[in-house]
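What's in my_file11.tsv: TSV, C-alpha atoms and all ligand atoms
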chain	number	residue	atom	x	y	z
A	1	MET	CA	-36.68	60.53	39.44
A	2	ARG	CA	-37.48	57.88	36.86
A	3	THR	CA	-36.55	58.57	33.29
A	4	GLY	CA	-37.62	57.00	30.01
A	5	GLN	CA	-40.66	54.86	29.41
A	6	THR	CA	-42.36	52.20	31.43
A	7	HIS	CA	-43.14	48.98	29.59
A	8	LEU	CA	-46.58	47.44	29.44
A	9	PHE	CA	-46.66	43.75	28.63
A	10	ILE	CA	-49.88	42.76	30.27
A	11	PRO	CA	-52.42	41.21	27.91
A	12	GLY	CA	-54.66	44.25	28.12
A	13	PRO	CA	-55.12	47.06	28.55
A	14	THR	CA	-52.52	47.41	25.82
A	15	ASN	CA	-50.43	50.34	24.64
A	16	VAL	CA	-52.52	53.16	23.19
A	17	PRO	CA	-50.80	54.68	20.13
A	18	GLU	CA	-50.02	58.38	20.27
A	19	LYS	CA	-52.41	59.07	17.36
A	20	VAL	CA	-55.24	57.44	19.24
A	21	ARG	CA	-54.48	59.35	22.44
A	22	GLN	CA	-54.38	62.62	20.53
A	23	ALA	CA	-57.61	61.85	18.73
A	24	MET	CA	-59.40	61.64	22.07
A	25	ASN	CA	-58.25	65.10	23.11
A	26	VAL	CA	-61.27	66.88	21.69
A	27	PRO	CA	-63.97	69.05	23.23
A	28	MET	CA	-67.18	67.41	24.35
A	29	GLN	CA	-69.88	67.44	21.74
A	30	ASP	CA	-73.65	67.12	21.53
A	31	MET	CA	-74.46	63.43	21.42
A	32	ARG	CA	-78.03	64.20	20.37
A	33	ALA	CA	-77.05	66.46	17.46
A	34	HIS	CA	-78.52	65.38	14.13
A	35	ASP	CA	-75.02	64.82	12.70
A	36	PHE	CA	-73.57	62.71	15.56
A	37	GLY	CA	-73.97	59.67	13.32
A	38	ALA	CA	-71.28	61.05	11.02
A	39	LEU	CA	-68.82	59.97	13.74
A	40	THR	CA	-70.45	56.74	14.90
A	41	LEU	CA	-72.06	55.10	11.87
A	42	PRO	CA	-68.75	54.54	10.04
A	43	ILE	CA	-67.36	53.05	13.27
A	44	PHE	CA	-70.17	50.49	13.37
A	45	ALA	CA	-69.46	49.67	9.73
A	46	ASP	CA	-65.72	49.33	10.29
A	47	LEU	CA	-66.16	47.14	13.34
A	48	LYS	CA	-68.10	44.76	11.12
A	49	ARG	CA	-65.00	44.56	8.94
A	50	VAL	CA	-62.93	43.70	12.02
A	51	PHE	CA	-65.36	40.90	12.93
A	52	ASP	CA	-65.33	39.84	9.27
A	53	THR	CA	-69.06	39.95	8.87
A	54	THR	CA	-71.49	41.44	6.42
A	55	THR	CA	-74.56	40.05	8.16
A	56	GLY	CA	-73.85	40.76	11.84
A	57	THR	CA	-75.10	43.71	13.88
A	58	VAL	CA	-72.60	45.53	16.09
A	59	PHE	CA	-73.40	47.05	19.48
A	60	MET	CA	-71.14	49.29	21.54
A	61	PHE	CA	-71.92	49.59	25.22
A	62	PRO	CA	-70.16	51.84	27.69
A	63	GLY	CA	-68.57	49.12	29.81
A	64	SER	CA	-66.20	46.27	29.18
A	65	GLY	CA	-66.11	42.73	27.86
A	66	THR	CA	-67.75	41.40	31.02
A	67	GLY	CA	-70.74	43.68	30.45
A	68	CYS	CA	-71.08	42.29	26.95
A	69	TRP	CA	-71.09	38.72	28.29
A	70	GLU	CA	-74.12	39.80	30.30
A	71	SER	CA	-75.68	41.54	27.32
A	72	ALA	CA	-75.17	38.44	25.19
A	73	ILE	CA	-76.78	36.13	27.71
A	74	THR	CA	-79.69	38.24	28.88
A	75	ASN	CA	-80.84	39.25	25.41
A	76	THR	CA	-80.96	35.75	24.00
A	77	LEU	CA	-81.71	33.23	26.74
A	78	SER	CA	-84.33	32.39	29.37
A	79	PRO	CA	-84.06	31.25	33.00
A	80	GLY	CA	-83.11	27.58	33.20
A	81	ASP	CA	-81.94	27.36	29.59
A	82	ARG	CA	-79.32	24.67	29.09
A	83	VAL	CA	-75.98	25.92	27.78
A	84	LEU	CA	-72.72	24.11	27.09
A	85	MET	CA	-69.36	25.55	28.11
A	86	ALA	CA	-65.78	24.43	28.53
A	87	ARG	CA	-63.75	25.71	31.47
A	88	HIS	CA	-60.05	25.80	30.75
A	89	GLY	CA	-58.80	29.01	32.31
A	90	GLN	CA	-59.87	31.91	34.48
A	91	PHE	CA	-61.88	33.72	31.81
A	92	SER	CA	-63.88	30.71	30.71
A	93	HIS	CA	-64.38	30.04	34.44
A	94	LEU	CA	-65.76	33.55	34.98
A	95	TRP	CA	-68.08	33.17	32.00
A	96	VAL	CA	-69.45	29.93	33.47
A	97	GLU	CA	-69.93	31.72	36.78
A	98	MET	CA	-71.83	34.57	35.17
A	99	ALA	CA	-74.09	32.20	33.24
A	100	GLU	CA	-74.86	30.37	36.49
A	101	ARG	CA	-75.51	33.62	38.36
A	102	LEU	CA	-77.94	34.67	35.66
A	103	GLY	CA	-79.91	31.46	36.13
A	104	LEU	CA	-78.80	29.27	33.23
A	105	ALA	CA	-78.33	25.51	33.59
A	106	VAL	CA	-74.69	25.23	32.62
A	107	ASP	CA	-73.28	21.95	31.41
A	108	VAL	CA	-69.58	22.52	32.13
A	109	ILE	CA	-66.81	20.47	30.56
A	110	ASP	CA	-63.75	20.89	32.75
A	111	VAL	CA	-60.59	20.73	30.71
A	112	ASP	CA	-56.99	20.94	31.93
A	113	TRP	CA	-55.84	24.54	31.97
A	114	GLY	CA	-53.52	24.71	28.98
A	115	HIS	CA	-55.90	22.91	26.64
A	116	GLY	CA	-58.52	24.44	24.38
A	117	ALA	CA	-62.26	24.11	23.90
A	118	PRO	CA	-62.86	20.40	23.17
A	119	ALA	CA	-64.83	20.33	19.92
A	120	ASP	CA	-65.05	16.51	20.03
A	121	LEU	CA	-66.62	16.49	23.51
A	122	PHE	CA	-68.93	19.31	22.47
A	123	ALA	CA	-70.01	17.17	19.52
A	124	GLU	CA	-70.89	14.25	21.82
A	125	LYS	CA	-72.87	16.43	24.21
A	126	LEU	CA	-74.69	18.14	21.36
A	127	LYS	CA	-75.66	14.84	19.78
A	128	ALA	CA	-77.00	13.64	23.11
A	129	ASP	CA	-78.89	16.79	24.06
A	130	PRO	CA	-81.04	18.63	21.53
A	131	ALA	CA	-82.25	20.99	24.29
A	132	ILE	CA	-78.94	22.85	24.57
A	133	ARG	CA	-79.65	26.47	23.64
A	134	ALA	CA	-76.13	27.85	23.30
A	135	VAL	CA	-72.49	26.78	23.17
A	136	PHE	CA	-69.91	29.18	24.61
A	137	VAL	CA	-66.29	29.28	23.43
A	138	THR	CA	-63.47	31.41	24.77
A	139	HIS	CA	-61.56	31.95	21.54
A	140	ASN	CA	-58.39	33.08	23.25
A	141	GLU	CA	-58.08	32.09	26.91
A	142	THR	CA	-55.98	35.00	28.14
A	143	ALA	CA	-55.13	33.25	31.40
A	144	THR	CA	-53.37	30.34	29.75
A	145	GLY	CA	-52.37	31.73	26.34
A	146	VAL	CA	-54.49	29.17	24.50
A	147	THR	CA	-56.35	29.80	21.25
A	148	SER	CA	-59.27	27.48	20.57
A	149	ASP	CA	-60.56	26.39	17.21
A	150	VAL	CA	-63.92	28.10	16.82
A	151	ALA	CA	-64.44	26.66	13.35
A	152	ALA	CA	-64.14	23.16	14.84
A	153	VAL	CA	-66.86	23.97	17.35
A	154	ARG	CA	-69.06	25.17	14.50
A	155	GLY	CA	-68.24	21.84	12.85
A	156	ALA	CA	-69.43	20.03	15.99
A	157	LEU	CA	-72.73	21.92	15.91
A	158	ASP	CA	-73.20	21.18	12.23
A	159	ALA	CA	-72.26	17.51	12.60
A	160	ALA	CA	-74.91	17.16	15.29
A	161	ASN	CA	-77.34	19.11	13.13
A	162	HIS	CA	-77.90	21.23	16.21
A	163	ASP	CA	-79.36	24.71	16.15
A	164	ALA	CA	-77.84	26.01	19.42
A	165	LEU	CA	-76.41	29.51	19.28
A	166	LEU	CA	-72.62	29.81	19.10
A	167	PHE	CA	-71.29	32.42	21.55
A	168	VAL	CA	-67.62	33.42	21.33
A	169	ASP	CA	-65.50	35.44	23.72
A	170	GLY	CA	-63.15	37.32	21.43
A	171	VAL	CA	-61.90	39.77	24.04
A	172	SER	CA	-58.22	39.00	23.50
A	173	SER	CA	-58.42	37.79	19.91
A	174	VAL	CA	-60.53	40.17	17.83
A	175	GLY	CA	-58.34	42.58	15.88
A	176	CYS	CA	-55.19	40.53	16.56
A	177	ILE	CA	-55.68	37.03	15.19
A	178	PRO	CA	-58.03	35.88	12.43
A	179	PHE	CA	-61.65	36.03	13.48
A	180	ARG	CA	-64.30	35.04	10.91
A	181	PHE	CA	-67.75	35.80	12.25
A	182	ASP	CA	-69.63	34.83	9.09
A	183	ALA	CA	-67.45	31.98	7.90
A	184	TRP	CA	-67.47	30.29	11.32
A	185	GLY	CA	-71.21	30.76	11.74
A	186	VAL	CA	-70.75	32.66	15.00
A	187	ASP	CA	-73.95	34.02	16.56
A	188	LEU	CA	-72.45	36.29	19.13
A	189	CYS	CA	-68.98	37.63	19.66
A	190	VAL	CA	-67.93	39.73	22.64
A	191	THR	CA	-64.91	41.99	22.75
A	192	GLY	CA	-63.63	45.11	24.49
A	193	SER	CA	-61.83	48.26	23.44
A	194	GLN	CA	-58.67	47.77	25.49
A	195	LYS	CA	-56.86	44.93	23.71
A	196	GLY	CA	-56.51	44.45	19.97
A	197	LEU	CA	-58.29	47.73	19.33
A	198	MET	CA	-55.47	49.59	21.12
A	199	MET	CA	-57.83	51.76	23.14
A	200	PRO	CA	-58.39	52.53	26.78
A	201	ALA	CA	-60.94	50.32	28.53
A	202	GLY	CA	-64.49	51.61	28.47
A	203	LEU	CA	-66.27	50.11	25.48
A	204	GLY	CA	-67.79	46.68	25.38
A	205	ILE	CA	-68.39	45.59	21.80
A	206	LEU	CA	-70.72	42.90	20.60
A	207	CYS	CA	-71.38	41.42	17.19
A	208	VAL	CA	-74.68	39.58	16.82
A	209	SER	CA	-76.05	37.34	14.07
A	210	GLU	CA	-79.56	37.63	12.68
A	211	LYS	CA	-80.44	34.39	14.47
A	212	ALA	CA	-79.26	35.75	17.83
A	213	LEU	CA	-81.10	39.01	17.21
A	214	GLU	CA	-84.24	37.02	16.55
A	215	ALA	CA	-83.73	35.08	19.80
A	216	ARG	CA	-84.22	38.27	21.83
A	217	LYS	CA	-87.91	38.23	20.93
A	218	THR	CA	-88.56	35.07	22.94
A	219	ALA	CA	-85.76	35.31	25.53
A	220	ARG	CA	-87.08	35.89	29.05
A	221	LEU	CA	-84.05	36.81	31.14
A	222	PRO	CA	-84.46	40.31	32.56
A	223	ARG	CA	-82.36	42.97	30.84
A	224	ALA	CA	-82.30	46.73	31.16
A	225	TYR	CA	-79.05	48.66	30.64
A	226	PHE	CA	-77.88	46.16	28.03
A	227	HIS	CA	-81.21	45.84	26.22
A	228	TRP	CA	-80.63	45.48	22.49
A	229	ASP	CA	-84.05	46.87	21.52
A	230	ASP	CA	-83.24	50.29	22.98
A	231	MET	CA	-79.87	50.35	21.26
A	232	LEU	CA	-81.28	49.19	17.94
A	233	LYS	CA	-83.73	52.08	17.88
A	234	THR	CA	-81.15	54.77	18.59
A	235	ASN	CA	-78.15	53.20	16.83
A	236	ALA	CA	-80.01	53.28	13.51
A	237	THR	CA	-79.16	56.99	13.26
A	238	GLY	CA	-75.83	56.64	15.06
A	239	HIS	CA	-77.25	57.78	18.40
A	240	PHE	CA	-77.32	56.06	21.77
A	241	THR	CA	-79.88	55.27	24.42
A	242	TYR	CA	-77.82	56.92	27.15
A	243	THR	CA	-74.75	59.13	27.28
A	244	PRO	CA	-72.08	57.49	25.15
A	245	PRO	CA	-68.32	57.92	25.73
A	246	THR	CA	-67.77	60.29	22.81
A	247	GLN	CA	-64.03	60.62	23.35
A	248	LEU	CA	-63.66	56.88	23.08
A	249	PHE	CA	-65.41	56.96	19.71
A	250	HIS	CA	-62.87	59.49	18.48
A	251	GLY	CA	-60.09	57.24	19.73
A	252	LEU	CA	-61.67	54.19	18.15
A	253	ARG	CA	-61.98	56.04	14.83
A	254	ALA	CA	-58.23	56.70	14.92
A	255	ALA	CA	-57.45	53.13	16.01
A	256	LEU	CA	-59.53	51.62	13.22
A	257	ASP	CA	-57.80	53.93	10.74
A	258	LEU	CA	-54.45	52.61	11.93
A	259	ILE	CA	-55.62	49.00	11.66
A	260	PHE	CA	-56.93	49.42	8.12
A	261	ALA	CA	-53.90	51.43	7.04
A	262	GLU	CA	-51.73	48.48	8.07
A	263	GLY	CA	-54.31	46.03	6.72
A	264	LEU	CA	-56.19	43.58	8.89
A	265	GLU	CA	-54.42	40.53	7.47
A	266	ALA	CA	-51.07	42.30	7.96
A	267	VAL	CA	-52.03	42.98	11.58
A	268	PHE	CA	-52.66	39.24	12.05
A	269	ALA	CA	-49.35	38.41	10.39
A	270	ARG	CA	-47.51	40.88	12.63
A	271	HIS	CA	-49.03	39.32	15.73
A	272	ARG	CA	-47.89	35.90	14.51
A	273	ARG	CA	-44.37	37.22	13.82
A	274	LEU	CA	-44.03	38.95	17.18
A	275	ALA	CA	-45.49	36.04	19.12
A	276	THR	CA	-43.16	33.58	17.42
A	277	GLY	CA	-40.16	35.63	18.54
A	278	VAL	CA	-41.37	35.68	22.13
A	279	ARG	CA	-41.95	31.92	22.06
A	280	ARG	CA	-38.48	31.30	20.62
A	281	GLY	CA	-37.10	33.34	23.49
A	282	VAL	CA	-39.02	31.37	26.09
A	283	HIS	CA	-37.89	28.06	24.62
A	284	ALA	CA	-34.28	29.25	24.51
A	285	TRP	CA	-34.55	29.77	28.29
A	286	GLY	CA	-35.47	26.11	28.54
A	287	MET	CA	-38.94	27.01	29.78
A	288	THR	CA	-42.34	25.93	28.53
A	289	LEU	CA	-45.67	27.54	27.85
A	290	CYS	CA	-48.84	26.75	29.70
A	291	ALA	CA	-50.46	26.00	26.31
A	292	ARG	CA	-49.93	22.29	25.87
A	293	ASP	CA	-49.05	22.12	22.20
A	294	GLU	CA	-48.17	24.26	19.24
A	295	SER	CA	-51.65	24.16	17.74
A	296	LEU	CA	-52.92	25.99	20.84
A	297	TRP	CA	-50.27	28.70	21.10
A	298	SER	CA	-51.80	32.13	21.30
A	299	ASP	CA	-50.41	34.91	19.16
A	300	THR	CA	-51.60	37.52	21.66
A	301	VAL	CA	-50.34	36.25	25.01
A	302	SER	CA	-47.78	33.73	26.22
A	303	ALA	CA	-48.26	32.21	29.67
A	304	ILE	CA	-44.79	31.05	30.74
A	305	VAL	CA	-44.32	28.31	33.32
A	306	VAL	CA	-41.47	29.23	35.67
A	307	PRO	CA	-38.96	26.58	36.79
A	308	GLU	CA	-39.58	24.62	39.99
A	309	GLY	CA	-38.57	26.66	43.02
A	310	VAL	CA	-39.13	30.02	41.33
A	311	ASP	CA	-42.12	32.14	42.34
A	312	ALA	CA	-43.71	33.72	39.27
A	313	ASN	CA	-45.25	36.43	41.44
A	314	GLN	CA	-41.76	37.45	42.49
A	315	VAL	CA	-40.66	37.58	38.86
A	316	ILE	CA	-43.56	39.94	38.18
A	317	ARG	CA	-42.86	42.06	41.24
A	318	ILE	CA	-39.17	42.40	40.37
A	319	GLY	CA	-39.97	43.20	36.75
A	320	TYR	CA	-42.29	45.96	37.91
A	321	ASP	CA	-40.16	47.43	40.71
A	322	ARG	CA	-36.67	47.14	39.25
A	323	TYR	CA	-37.18	47.19	35.52
A	324	ARG	CA	-40.44	49.14	35.15
A	325	THR	CA	-41.99	46.36	33.14
A	326	SER	CA	-45.47	45.05	33.75
A	327	PHE	CA	-46.04	41.38	33.02
A	328	GLY	CA	-49.35	39.60	33.43
A	329	SER	CA	-49.76	37.49	36.54
A	330	GLY	CA	-50.77	33.86	36.81
A	331	LEU	CA	-54.48	33.91	37.52
A	332	ALA	CA	-56.24	31.76	40.10
A	333	ARG	CA	-54.69	28.28	40.19
A	334	LEU	CA	-51.80	29.49	38.02
A	335	SER	CA	-50.75	32.11	40.57
A	336	GLY	CA	-47.04	31.78	41.31
A	337	ARG	CA	-46.55	29.22	38.56
A	338	VAL	CA	-46.78	31.36	35.45
A	339	PHE	CA	-46.21	34.89	34.34
A	340	ARG	CA	-47.61	36.21	31.09
A	341	ILE	CA	-46.19	38.34	28.33
A	342	GLY	CA	-48.93	40.10	26.43
A	343	HIS	CA	-47.88	40.65	22.83
A	344	LEU	CA	-50.92	42.26	21.31
A	345	GLY	CA	-51.89	45.63	19.96
A	346	ASP	CA	-49.48	48.44	19.21
A	347	LEU	CA	-46.18	46.56	19.34
A	348	ASN	CA	-43.08	45.91	17.30
A	349	GLU	CA	-40.10	43.58	17.34
A	350	VAL	CA	-37.82	45.72	19.48
A	351	MET	CA	-40.53	46.20	22.08
A	352	CYS	CA	-40.83	42.41	22.33
A	353	LEU	CA	-37.06	42.14	22.70
A	354	ALA	CA	-37.30	44.61	25.58
A	355	ALA	CA	-39.93	42.39	27.21
A	356	LEU	CA	-37.68	39.35	26.89
A	357	ALA	CA	-34.62	41.24	28.19
A	358	SER	CA	-36.54	42.53	31.17
A	359	ALA	CA	-38.03	39.10	31.87
A	360	GLU	CA	-34.57	37.52	31.78
A	361	MET	CA	-33.29	39.91	34.43
A	362	ALA	CA	-36.37	39.47	36.59
A	363	LEU	CA	-36.20	35.68	36.26
A	364	ALA	CA	-32.51	35.62	37.16
A	365	ASP	CA	-33.11	37.93	40.12
A	366	ALA	CA	-35.92	35.66	41.29
A	367	GLY	CA	-33.53	32.70	41.30
A	368	ALA	CA	-34.09	31.08	37.92
A	369	ARG	CA	-31.04	29.52	36.28
A	370	ILE	CA	-31.10	31.37	33.03
A	371	GLU	CA	-28.43	32.53	30.65
A	372	LEU	CA	-28.90	36.24	30.26
A	373	GLY	CA	-29.37	37.14	26.63
A	374	SER	CA	-30.32	33.64	25.52
A	375	GLY	CA	-33.98	34.40	24.88
A	376	VAL	CA	-33.21	37.79	23.41
A	377	ALA	CA	-30.69	36.24	21.00
A	378	ALA	CA	-33.14	33.57	19.86
A	379	ALA	CA	-35.83	36.17	19.26
A	380	GLN	CA	-33.38	38.48	17.49
A	381	ALA	CA	-32.42	35.72	15.10
A	382	TRP	CA	-36.08	35.07	14.31
A	383	TYR	CA	-36.97	38.75	13.98
A	384	ARG	CA	-34.07	39.38	11.60
A	385	ASP	CA	-35.20	36.56	9.30
A	386	ALA	CA	-38.88	37.34	9.64
A	387	THR	CA	-38.60	41.07	9.03
A	388	ALA	CA	-36.36	40.46	6.01
A	389	ALA	CA	-38.91	38.04	4.57
A	390	HIS	CA	-41.69	40.50	5.39
A	391	ALA	CA	-39.85	43.34	3.63
A	392	LEU	CA	-39.37	41.13	0.54
A	393	ARG	CA	-43.07	40.30	0.48
A	394	LEU	CA	-44.00	43.98	0.75
A	395	ALA	CA	-41.58	44.86	-2.08
A	396	ALA	CA	-43.12	42.16	-4.29
A	397	GLU	CA	-46.68	43.48	-3.75
B	1	LIG	N1	-62.58	37.43	28.38
B	1	LIG	C1	-61.27	37.40	28.18
B	1	LIG	C2	-60.71	36.33	27.31
B	1	LIG	C3	-60.45	38.35	28.77
B	1	LIG	O1	-59.14	38.33	28.56
B	1	LIG	C4	-61.03	39.35	29.60
B	1	LIG	C5	-60.20	40.36	30.24
B	1	LIG	O2	-59.01	40.33	30.24
B	1	LIG	C6	-62.40	39.32	29.77
B	1	LIG	C7	-63.16	38.36	29.14
B	1	LIG	C8	-63.07	40.34	30.62
B	1	LIG	O3	-63.11	41.53	29.91
B	1	LIG	P1	-63.18	42.93	30.61
B	1	LIG	O4	-62.04	43.02	31.55
B	1	LIG	O5	-63.09	43.89	29.45
B	1	LIG	O6	-64.50	43.01	31.29

Starting from the file, give its structure as structure tokens.
Amino acid sequence: MRTGQTHLFIPGPTNVPEKVRQAMNVPMQDMRAHDFGALTLPIFADLKRVFDTTTGTVFMFPGSGTGCWESAITNTLSPGDRVLMARHGQFSHLWVEMAERLGLAVDVIDVDWGHGAPADLFAEKLKADPAIRAVFVTHNETATGVTSDVAAVRGALDAANHDALLFVDGVSSVGCIPFRFDAWGVDLCVTGSQKGLMMPAGLGILCVSEKALEARKTARLPRAYFHWDDMLKTNATGHFTYTPPTQLFHGLRAALDLIFAEGLEAVFARHRRLATGVRRGVHAWGMTLCARDESLWSDTVSAIVVPEGVDANQVIRIGYDRYRTSFGSGLARLSGRVFRIGHLGDLNEVMCLAALASAEMALADAGARIELGSGVAAAQAWYRDATAAHALRLAAE
């Protein structure tokens, strides 16, 4: 018999808070009732706050982030349209693949995995090619633990005086690290319920600018399930084109309440604090992150490069089997070379210390030369200072 809790440190799905789980334990209700909008309309409004937009339109589709990639593309673009993308990890790779499958002409900039979206190279391409219809950016590349500078990409578009749409994958960033839909001039942002929103998987969420909404009128890619027109008609009263996952809306209501009770900016600050502790731990082990430099470090996931001769997959397997801790695996070309600690969503300092403690044991068992307790001690030192400073700030407010 196994006692106590298991520990989830994959970068999504993330831990679902008890309040959110309880909120979903409700009877089924009539999704066509005249008052269904009392549940859903405030959720649409609050999601806009999470995206930091007053002008965007939010869609919620039963599905996941991948479905919203498809929704984004098919509603705004036409077969053969030229789009510009950087590939610097498995998720940006999959987005390229989807765009190609859907019949777009993708101009791919291949970047070393561990680097971010190259705003300077985007600027060059944009200056040279006025026909590009959209630029795609993976804000937080979950495979490598790299956060890209979306504002810099907007800067590249503006510097080239280019009117391409700016698409952003915010699946592992929205609700965790600052995301400024309006300020960054984003046209389309995709996310899912199962990461920063602390929910089970099942909702794909999209925020769309007026310009991107307008683009649907001339876009010619076929679309059906993810058609915005159908959703726009029914969403106006808080209803849906097809059967919506009502329980998930109840959960999302509770999750948004938790986020706003903490305060969105405080949520971002907590992610920074927790991530910094994890990184201090990793560096105390003498190991490095896949993200090449500090400016790229993700506050939601750390991809840790294991020492030569150690198999990261074994570290993950041992963590899971012996210590009941799930770490994220190295995806595609990073398989065996990195393991990932997801530090996003419903987490606190001591949970992150548990992740580091468990990782230390798994690393040592897998043959890494590591001083047990070294990463934990480094993170503890940081968390003590950081929580004391945080408490002082709260007292002063
Ligand atoms: N984009 C990023 C950055 C992701 O991390 C993921 C999933 O982990 C996806 C897209 C795909 O999202 P989903 O699994 O919700 O379809």

If we count all atoms listed in the file, what is near range 374-391 of chain A at a cut-off of 8 Å, once residues fewer than 2 positions away on the same chain are taken out, given as a compact mmCIF listing (two decimals) with C-alpha atoms, keeping the file's coordinate frame?
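Resulting contents of part.txt:
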# COMPACT_ATOMS: atom_id res chain seq x y z
CA ARG A 273 -44.37 37.22 13.82
CA LEU A 274 -44.03 38.95 17.18
CA THR A 276 -43.16 33.58 17.42
CA GLY A 277 -40.16 35.63 18.54
CA VAL A 278 -41.37 35.68 22.13
CA ARG A 279 -41.95 31.92 22.06
CA ARG A 280 -38.48 31.30 20.62
CA GLY A 281 -37.10 33.34 23.49
CA VAL A 282 -39.02 31.37 26.09
CA HIS A 283 -37.89 28.06 24.62
CA ALA A 284 -34.28 29.25 24.51
CA TRP A 285 -34.55 29.77 28.29
CA GLU A 349 -40.10 43.58 17.34
CA LEU A 353 -37.06 42.14 22.70
CA LEU A 356 -37.68 39.35 26.89
CA ALA A 357 -34.62 41.24 28.19
CA GLU A 360 -34.57 37.52 31.78
CA ILE A 370 -31.10 31.37 33.03
CA GLU A 371 -28.43 32.53 30.65
CA LEU A 372 -28.90 36.24 30.26
CA ARG A 393 -43.07 40.30 0.48
CA LEU A 394 -44.00 43.98 0.75
CA ALA A 395 -41.58 44.86 -2.08

For the interface of chain A with ligand LIG 1 (chain B) (cut-off 10 Å, counting all atoms listed in the file), please tabulate each contacting residue of chain A alongside its nearest pair of atoms and their separation in Å to one decimal, rows sorted by chain and increasing number, as a Markdown table.
| residue | atom | partner | partner_atom | distance |
| --- | --- | --- | --- | --- |
| A:Ile10 | CA | B:LIG1 | O2 | 9.4 |
| A:Pro11 | CA | B:LIG1 | O2 | 7.0 |
| A:Gly12 | CA | B:LIG1 | O2 | 6.2 |
| A:Pro13 | CA | B:LIG1 | O2 | 8.0 |
| A:Gly63 | CA | B:LIG1 | O6 | 7.5 |
| A:Ser64 | CA | B:LIG1 | O5 | 3.9 |
| A:Gly65 | CA | B:LIG1 | O5 | 3.6 |
| A:Thr66 | CA | B:LIG1 | O6 | 3.6 |
| A:Gly67 | CA | B:LIG1 | O6 | 6.3 |
| A:Cys68 | CA | B:LIG1 | O6 | 7.9 |
| A:Trp69 | CA | B:LIG1 | C7 | 8.0 |
| A:Gly89 | CA | B:LIG1 | C2 | 9.1 |
| A:Gln90 | CA | B:LIG1 | C2 | 8.5 |
| A:Phe91 | CA | B:LIG1 | N1 | 5.1 |
| A:Ser92 | CA | B:LIG1 | N1 | 7.2 |
| A:His93 | CA | B:LIG1 | N1 | 9.7 |
| A:Leu94 | CA | B:LIG1 | C7 | 8.0 |
| A:Trp95 | CA | B:LIG1 | C7 | 7.7 |
| A:Val137 | CA | B:LIG1 | C2 | 9.8 |
| A:Thr138 | CA | B:LIG1 | C2 | 6.2 |
| A:His139 | CA | B:LIG1 | C2 | 7.3 |
| A:Asn140 | CA | B:LIG1 | C2 | 5.7 |
| A:Glu141 | CA | B:LIG1 | C2 | 5.0 |
| A:Thr142 | CA | B:LIG1 | O1 | 4.6 |
| A:Ala143 | CA | B:LIG1 | O1 | 7.1 |
| A:Thr144 | CA | B:LIG1 | C2 | 9.8 |
| A:Gly145 | CA | B:LIG1 | C2 | 9.6 |
| A:Val146 | CA | B:LIG1 | C2 | 9.9 |
| A:Thr147 | CA | B:LIG1 | C2 | 9.9 |
| A:Val168 | CA | B:LIG1 | N1 | 9.5 |
| A:Asp169 | CA | B:LIG1 | N1 | 5.8 |
| A:Gly170 | CA | B:LIG1 | C2 | 6.4 |
| A:Val171 | CA | B:LIG1 | C1 | 4.8 |
| A:Ser172 | CA | B:LIG1 | O1 | 5.2 |
| A:Ser173 | CA | B:LIG1 | C2 | 7.9 |
| A:Val190 | CA | B:LIG1 | N1 | 8.2 |
| A:Thr191 | CA | B:LIG1 | O5 | 7.2 |
| A:Gly192 | CA | B:LIG1 | O5 | 5.1 |
| A:Ser193 | CA | B:LIG1 | O5 | 7.5 |
| A:Gln194 | CA | B:LIG1 | O5 | 7.1 |
| A:Lys195 | CA | B:LIG1 | O2 | 8.3 |
| A:Ala201 | CA | B:LIG1 | O5 | 6.8 |
| A:Gly202 | CA | B:LIG1 | O5 | 7.9 |
| A:Leu203 | CA | B:LIG1 | O5 | 8.0 |
| A:Gly204 | CA | B:LIG1 | O5 | 6.8 |
| A:Ile205 | CA | B:LIG1 | O5 | 9.5 |
| A:Val301 | CA | B:LIG1 | O1 | 9.7 |

Which polymer residues have any atom within 8 Å of an atom of Ala362 in chain A, counting only C-alpha atoms, with same-chain residues fewer than 5 positions away left out, as a compact mmCIF listing (two decimals) with C-alpha atoms, keeping the file's coordinate frame?
# COMPACT_ATOMS: atom_id res chain seq x y z
CA VAL A 315 -40.66 37.58 38.86
CA ILE A 316 -43.56 39.94 38.18
CA ILE A 318 -39.17 42.40 40.37
CA GLY A 319 -39.97 43.20 36.75
CA TYR A 323 -37.18 47.19 35.52

What does the distance from CA of Arg154 in chain A to CA of Arg340 in chain A come to in Å, to one decimal?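 These atoms are spaced 29.3 Å apart.
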
Provide the CA of Ala134 in chain A to CA of Ala164 in chain A distance in Å, to one decimal place. 4.6 Å

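For the pair CA of Thr40 in chain A and CA of Gly238 in chain A, the interatomic distance is 5.4 Å.
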
Non-local contacts of Lys19 in chain A (9 Å; only C-alpha atoms; under 2 positions in same chain excluded) as a list in words: Val16, Pro17, Arg21, Gln22, Ala23, Met24, Gly251, Ala254, Ala255 and Leu258 of chain A

For Thr243 in chain A, work out the shell of residues within 10 Å, counting only C-alpha atoms and skipping chain neighbours fewer than 3 positions away, then give it as JSON, numbers by chain. {"A": [30, 31, 32, 62, 239, 240, 246]}
